[in-house]
file model31.txt (compact mmCIF, C-alpha atoms)
# COMPACT_ATOMS: atom_id res chain seq x y z
CA MET X 1 21.06 -95.21 20.43
CA LEU X 2 18.39 -95.06 17.78
CA ASP X 3 16.91 -98.23 16.60
CA ILE X 4 18.21 -99.27 13.18
CA ASN X 5 14.64 -99.46 11.90
CA LYS X 6 14.03 -95.78 12.90
CA ILE X 7 17.17 -94.31 11.33
CA LEU X 8 15.61 -93.95 7.87
CA SER X 9 12.60 -92.09 9.25
CA ALA X 10 14.45 -90.11 11.92
CA ASP X 11 15.09 -86.34 11.65
CA ILE X 12 18.67 -85.23 11.07
CA LEU X 13 18.57 -83.38 14.40
CA ASP X 14 17.52 -86.51 16.22
CA ILE X 15 20.50 -88.30 14.70
CA ILE X 16 22.91 -85.43 15.60
CA PHE X 17 21.59 -85.07 19.16
CA ASP X 18 21.24 -88.82 19.80
CA GLY X 19 22.61 -89.54 23.23
CA ARG X 20 23.01 -85.82 24.07
CA ASN X 21 21.13 -83.51 26.38
CA LYS X 22 18.25 -82.26 24.23
CA GLU X 23 16.98 -80.09 27.08
CA TYR X 24 20.08 -77.85 26.93
CA GLY X 25 18.51 -75.49 24.37
CA ALA X 26 20.48 -75.89 21.18
CA TYR X 27 18.26 -78.75 20.10
CA GLN X 28 15.09 -76.69 20.58
CA LEU X 29 16.56 -73.69 18.72
CA ARG X 30 17.49 -75.81 15.73
CA LYS X 31 14.26 -77.72 15.87
CA THR X 32 12.11 -74.55 15.71
CA TYR X 33 14.37 -72.55 13.35
CA ASN X 34 12.20 -72.91 10.24
CA LYS X 35 9.07 -72.07 12.19
CA ARG X 36 10.60 -68.91 13.71
CA MET X 37 11.99 -67.80 10.35
CA GLY X 38 8.56 -68.18 8.77
CA ILE X 39 6.94 -66.13 11.55
CA ALA X 40 9.56 -63.38 11.15
CA LEU X 41 9.13 -63.18 7.37
CA THR X 42 5.35 -63.11 7.71
CA ALA X 43 5.51 -60.31 10.30
CA MET X 44 7.89 -58.29 8.14
CA ALA X 45 5.69 -58.68 5.07
CA SER X 46 2.62 -57.65 7.08
CA PHE X 47 4.42 -54.56 8.41
CA CYS X 48 5.48 -53.50 4.89
CA ALA X 49 1.95 -54.02 3.63
CA LEU X 50 0.58 -51.83 6.44
CA LEU X 51 3.08 -49.08 5.57
CA LEU X 52 2.07 -49.19 1.93
CA ILE X 53 -1.64 -49.06 2.76
CA GLY X 54 -1.07 -46.17 5.16
CA TYR X 55 0.83 -44.19 2.51
CA VAL X 56 -1.92 -44.69 -0.07
CA VAL X 57 -4.65 -43.69 2.39
CA SER X 58 -2.67 -40.61 3.48
CA SER X 59 -2.15 -39.50 -0.13
CA ASN X 60 -5.86 -39.84 -0.84
CA LEU X 61 -6.71 -37.80 2.26
CA LYS X 62 -4.30 -35.04 1.23
CA ASP X 63 -5.79 -34.91 -2.25
CA SER X 64 -9.30 -34.72 -0.85
CA ASN X 65 -8.31 -31.97 1.62
CA LYS X 66 -6.21 -29.99 -0.83
CA LYS X 67 -6.09 -26.31 0.09
CA ALA X 68 -6.39 -23.55 -2.47
CA LEU X 69 -4.96 -20.05 -2.33
CA VAL X 70 -7.42 -17.23 -2.72
CA VAL X 71 -6.01 -13.75 -3.24
CA GLN X 72 -8.15 -10.73 -2.58
CA ASP X 73 -7.38 -7.10 -3.16
CA VAL X 74 -9.06 -4.81 -0.68
CA GLN X 75 -10.70 -1.82 -2.26
CA LEU X 76 -11.31 1.30 -0.24
CA GLU X 77 -14.97 1.92 0.41
CA GLU X 78 -16.43 4.91 -1.26
CA VAL X 79 -17.05 7.75 1.14
CA LYS X 80 -20.64 8.66 1.16
CA GLN X 81 -21.03 12.37 0.95
CA GLU X 82 -23.72 13.92 3.03
CA GLU X 83 -26.49 15.45 1.00
CA LYS X 84 -26.34 19.20 1.19
CA LYS X 85 -29.48 20.79 2.46
CA ASN X 86 -30.99 23.57 0.42
CA GLU X 87 -30.14 26.51 2.58
CA PRO X 88 -31.07 30.06 1.63
CA PRO X 89 -28.18 32.05 0.21
CA PRO X 90 -26.43 34.37 2.66
CA PRO X 91 -27.40 38.02 2.53
CA PRO X 92 -25.20 40.18 0.31
CA PRO X 93 -22.41 41.99 2.13
CA PRO X 94 -23.03 45.63 2.94
CA PRO X 95 -21.60 48.07 0.39
CA LYS X 96 -18.13 49.26 1.16
CA PRO X 97 -17.98 52.86 2.31
CA GLU X 98 -16.45 55.18 -0.19
CA PRO X 99 -12.98 56.33 0.79
CA PRO X 100 -12.79 59.95 1.93
CA LYS X 101 -11.90 62.39 -0.77
CA VAL X 102 -8.48 63.92 -0.42
CA GLU X 103 -7.94 67.54 -1.34
CA MET X 104 -6.10 67.65 -4.64
CA ALA X 105 -4.59 70.53 -6.58
CA LYS X 106 -4.29 70.47 -10.31
CA PHE X 107 -0.74 70.71 -11.50
CA THR X 108 0.11 70.78 -15.17
CA PRO X 109 3.55 70.75 -16.73
CA PRO X 110 4.86 74.30 -17.08
CA LYS X 111 4.85 75.94 -20.48
CA ILE X 112 6.56 79.17 -21.52
CA VAL X 113 3.82 81.52 -22.78
CA LYS X 114 2.96 85.16 -22.50
CA ASP X 115 1.32 86.35 -19.28
CA GLU X 116 -1.91 87.35 -21.01
CA GLU X 117 -2.27 83.84 -22.50
CA VAL X 118 -2.23 82.07 -19.10
CA LYS X 119 -5.70 80.92 -18.03
CA GLU X 120 -6.75 81.26 -14.43
CA ASP X 121 -7.37 77.52 -13.90
CA GLU X 122 -3.98 76.62 -15.40
CA LYS X 123 -1.91 78.71 -13.01
CA PRO X 124 0.34 76.51 -10.89
CA PRO X 125 -0.63 76.37 -7.19
CA GLU X 126 1.47 78.08 -4.58
CA VAL X 127 4.17 75.98 -2.96
CA GLU X 128 2.75 76.48 0.55
CA LYS X 129 -0.56 74.91 -0.50
CA LEU X 130 1.14 71.79 -1.85
CA GLU X 131 2.60 70.78 1.52
CA ASP X 132 -0.62 69.11 2.75
CA THR X 133 -2.38 68.66 -0.59
CA LYS X 134 -2.13 65.90 -3.14
CA ILE X 135 -1.03 66.77 -6.63
CA GLY X 136 -3.35 65.50 -9.35
CA THR X 137 -4.74 66.26 -12.78
CA VAL X 138 -7.89 68.02 -11.46
CA ASN X 139 -8.80 70.29 -8.59
CA GLN X 140 -10.75 68.49 -5.89
CA GLU X 141 -12.07 69.54 -2.51
CA GLY X 142 -11.71 67.22 0.46
CA ILE X 143 -9.81 66.52 3.65
CA LYS X 144 -6.20 67.42 4.03
CA ASP X 145 -3.60 64.82 3.12
CA GLU X 146 -2.67 63.01 6.34
CA GLY X 147 -1.14 59.94 4.86
CA LEU X 148 -4.29 58.84 3.01
CA ALA X 149 -3.90 57.34 -0.40
CA ALA X 150 -5.47 59.13 -3.31
CA PRO X 151 -8.55 57.44 -4.72
CA VAL X 152 -8.14 55.19 -7.70
CA ASP X 153 -9.56 56.49 -10.93
CA GLU X 154 -12.72 54.78 -12.09
CA GLY X 155 -12.15 52.05 -14.62
CA LYS X 156 -8.80 51.06 -13.09
CA GLY X 157 -8.53 48.11 -10.73
CA VAL X 158 -5.83 46.85 -8.41
CA VAL X 159 -4.07 43.81 -9.81
CA GLU X 160 -2.84 41.51 -7.05
CA GLN X 161 0.22 39.37 -7.61
CA PRO X 162 -0.79 35.71 -7.83
CA LYS X 163 0.03 33.73 -4.75
CA LYS X 164 3.03 31.47 -5.08
CA ASP X 165 2.56 27.73 -4.82
CA GLU X 166 4.59 27.02 -1.71
CA GLU X 167 4.00 23.25 -1.81
CA ASP X 168 7.23 21.20 -1.69
CA TYR X 169 6.77 18.64 -4.46
CA ASP X 170 10.05 16.87 -3.66
CA LYS X 171 8.88 15.56 -0.29
CA THR X 172 7.23 12.18 0.30
CA PHE X 173 3.47 12.76 0.53
CA THR X 174 1.29 10.83 2.97
CA LYS X 175 -1.97 12.17 1.53
CA VAL X 176 -2.51 12.87 -2.15
CA GLU X 177 -5.39 13.69 -4.46
CA ILE X 178 -4.84 10.58 -6.61
CA GLU X 179 -3.07 7.58 -5.04
CA SER X 180 -0.48 5.51 -6.84
CA GLU X 181 -1.67 2.20 -8.26
CA TYR X 182 -0.51 -0.93 -10.06
CA PRO X 183 -0.48 -0.42 -13.86
CA GLY X 184 -3.76 -1.64 -15.31
CA GLY X 185 -5.78 -1.14 -12.14
CA ALA X 186 -7.36 -3.62 -9.74
CA ASN X 187 -7.93 -6.42 -12.29
CA ALA X 188 -4.31 -6.38 -13.42
CA TRP X 189 -3.18 -6.40 -9.77
CA ILE X 190 -5.33 -9.50 -9.02
CA ARG X 191 -3.92 -11.32 -12.06
CA TYR X 192 -0.38 -10.47 -10.97
CA LEU X 193 -0.99 -11.80 -7.44
CA ASN X 194 -2.54 -15.06 -8.67
CA LYS X 195 0.46 -15.59 -10.95
CA THR X 196 3.23 -14.58 -8.54
CA LEU X 197 2.09 -15.18 -4.97
CA GLN X 198 3.25 -18.45 -3.37
CA TYR X 199 1.58 -19.57 -0.15
CA PRO X 200 4.36 -20.37 2.40
CA GLN X 201 4.42 -24.10 3.18
CA ASP X 202 4.74 -23.50 6.93
CA ALA X 203 1.56 -21.42 6.82
CA VAL X 204 -0.22 -24.16 4.84
CA ASP X 205 0.87 -26.86 7.29
CA ASN X 206 -0.28 -24.78 10.28
CA GLU X 207 -3.40 -23.49 8.51
CA ILE X 208 -2.39 -19.84 8.97
CA GLN X 209 -4.30 -17.26 6.95
CA GLY X 210 -5.11 -13.56 7.18
CA GLN X 211 -4.37 -10.15 5.70
CA VAL X 212 -0.91 -8.57 5.43
CA VAL X 213 -0.63 -4.80 4.93
CA VAL X 214 2.56 -3.75 3.12
CA GLN X 215 3.77 -0.14 3.20
CA PHE X 216 6.19 1.18 0.59
CA ILE X 217 7.14 4.32 -1.36
CA VAL X 218 6.37 4.99 -5.02
CA ASP X 219 8.53 7.80 -6.42
CA LYS X 220 7.77 10.19 -9.29
CA GLU X 221 8.99 7.62 -11.86
CA GLY X 222 6.94 4.79 -10.33
CA ASN X 223 9.86 2.98 -8.69
CA VAL X 224 9.09 1.02 -5.51
CA SER X 225 11.32 1.30 -2.42
CA GLU X 226 11.34 0.89 1.38
CA VAL X 227 8.97 -2.09 1.27
CA GLU X 228 7.85 -3.17 4.76
CA ALA X 229 5.03 -5.34 6.14
CA VAL X 230 3.37 -3.33 8.93
CA SER X 231 0.67 -5.81 10.00
CA GLY X 232 -0.51 -9.40 9.52
CA PRO X 233 0.70 -12.93 10.47
CA GLN X 234 4.48 -13.21 10.66
CA GLU X 235 4.50 -16.40 8.57
CA LEU X 236 2.93 -14.52 5.62
CA ARG X 237 4.79 -11.18 5.76
CA ALA X 238 7.96 -12.23 3.91
CA GLU X 239 5.98 -13.50 0.91
CA ALA X 240 3.88 -10.31 0.75
CA VAL X 241 7.03 -8.15 0.78
CA ARG X 242 8.62 -10.31 -1.94
CA VAL X 243 5.61 -9.89 -4.20
CA ILE X 244 5.59 -6.08 -3.84
CA LYS X 245 9.34 -5.83 -4.54
CA LYS X 246 8.90 -7.91 -7.69
CA SER X 247 5.89 -5.93 -8.97
CA GLY X 248 7.92 -3.51 -11.15
CA LYS X 249 7.00 0.13 -11.75
CA TRP X 250 3.72 1.58 -10.49
CA THR X 251 1.71 4.58 -11.67
CA PRO X 252 2.84 7.52 -9.45
CA ALA X 253 0.49 9.52 -7.24
CA VAL X 254 -0.75 12.94 -8.36
CA GLN X 255 -0.99 16.14 -6.30
CA ASN X 256 -2.13 19.43 -7.83
CA GLY X 257 -1.69 17.98 -11.31
CA ARG X 258 1.92 16.86 -10.64
CA GLN X 259 3.36 13.39 -10.20
CA VAL X 260 4.79 13.14 -6.69
CA LYS X 261 6.58 10.72 -4.41
CA SER X 262 4.17 9.16 -1.91
CA TYR X 263 3.59 6.39 0.62
CA LYS X 264 1.38 3.48 -0.40
CA LYS X 265 -0.28 0.86 1.80
CA GLN X 266 -1.32 -2.26 -0.10
CA PRO X 267 -3.29 -5.04 1.69
CA ILE X 268 -2.83 -8.65 0.52
CA THR X 269 -5.24 -11.32 1.81
CA PHE X 270 -4.10 -14.96 2.23
CA ARG X 271 -6.93 -17.47 2.56
CA LEU X 272 -6.99 -21.28 2.56
CA GLU X 273 -9.98 -23.11 1.17
CA THR X 274 -10.81 -26.80 1.46
CA GLU X 275 -12.17 -28.39 -1.68
call {"tool": "encode", "arguments": {"input": "model31.txt", "output": "structure tokens"}}
result
Amino acid sequence: MLDINKILSADILDIIFDGRNKEYGAYQLRKTYNKRMGIALTAMASFCALLLIGYVVSSNLKDSNKKALVVQDVQLEEVKQEEKKNEPPPPPPPPKPEPPKVEMAKFTPPKIVKDEEVKEDEKPPEVEKLEDTKIGTVNQEGIKDEGLAAPVDEGKGVVEQPKKDEEDYDKTFTKVEIESEYPGGANAWIRYLNKTLQYPQDAVDNEIQGQVVVQFIVDKEGNVSEVEAVSGPQELRAEAVRVIKKSGKWTPAVQNGRQVKSYKKQPITFRLETE
């Protein structure tokens, strides 16, 4: 039993556990409750503070290491033409041999006149002589007609029929004189990419960059179809294809002065830069 003089200064737990087994455990748990609660609250507050500090530091690091998208349009290098050496002109071709003269007999349309008015050089040739002789407007000595063509009169040329253009302009060309291009040229294409292209987040997180080559068809009206990425990182191909499909009408390719349907390969470069 507690002394009467100590009751006023005794702890409530000492009064409750007076005469009981304080070593059992319940007394110690209640005795140290406030202390344990204070330790738990302090630890929890410290943990929350560490989380907050870590979040702030991580945000600052991300801002400092922010990555920028750089879009490049690859231009084909100009083909350097070899300088032509000054070579002497080739010798003129030998003159063509004159075709052999074919024996010809003058034959004029018959007229009904008196016998004494017929001139000697206007008499029609005998039928037997015409079998192996060409009929013409003048008499000419030469070889017998054996299938040779009569010479062409001077001043008259042979007009050849112009060759037909056998090119099929409805097919899809792989090589053309003037390739199709984005309306406005290279500068307009760069502006379009900077405005439209979105760097895939997975590629940003994994720091993937590189060049994607997209192949597609531009028809005679400039419509784009059959868009396909043929090379480049897999994580970047879908975005490159999306950008080409959304690009609208292009300027068609030209072959022999005609707008034609053709294949087009457009490279798109993805690059991450650290500020």
call {"tool": "closest_residue", "arguments": {"input": "model31.txt", "among": "X:Pro91, X:Gly54, X:Pro267, X:Pro183", "to": "Ala253 (chain X)", "atoms": "all atoms listed in the file"}}
result
X:Pro183
call {"tool": "atom_distance", "arguments": {"input": "model31.txt", "atom1": "CA of Val204 (chain X)", "atom2": "CA of Arg191 (chain X)"}}
result
21.5 Å
call {"tool": "closest_residue", "arguments": {"input": "model31.txt", "among": "X:Lys101, X:Arg258, X:Lys264, X:Lys249", "to": "Ala229 (chain X)", "atoms": "all atoms listed in the file"}}
result
X:Lys264
call {"tool": "closest_residue", "arguments": {"input": "model31.txt", "among": "X:Glu226, X:Glu207, X:Glu179, X:Glu239", "to": "Glu273 (chain X)", "atoms": "all atoms listed in the file"}}
result
X:Glu207
call {"tool": "closest_residue", "arguments": {"input": "model31.txt", "among": "X:Val243, X:Leu61, X:Phe173, X:Asn34", "to": "Gln266 (chain X)", "atoms": "all atoms listed in the file"}}
result
X:Val243
call {"tool": "atom_distance", "arguments": {"input": "model31.txt", "atom1": "CA of Val260 (chain X)", "atom2": "CA of Lys195 (chain X)"}}
result
29.4 Å
call {"tool": "residues_around", "arguments": {"input": "model31.txt", "residues": "region 210-224 of chain X", "least_positions_apart": "2", "cutoff": "8 Å", "atoms": "only C-alpha atoms", "output": "MDAnalysis selection string"}}
result
chainID X and resid 180 208 226:233 236:237 240:241 244:245 248:253 259:271
call {"tool": "atom_distance", "arguments": {"input": "model31.txt", "atom1": "CA of Gln255 (chain X)", "atom2": "CA of Glu177 (chain X)"}}
result
5.4 Å
call {"tool": "closest_residue", "arguments": {"input": "model31.txt", "among": "X:Asn86, X:Gln234, X:Ser46, X:Thr32", "to": "Asp202 (chain X)", "atoms": "all atoms listed in the file"}}
result
X:Gln234
call {"tool": "closest_residue", "arguments": {"input": "model31.txt", "among": "X:Thr42, X:Tyr192, X:Lys171, X:Tyr199", "to": "Lys246 (chain X)", "atoms": "only C-alpha atoms"}}
result
X:Tyr192
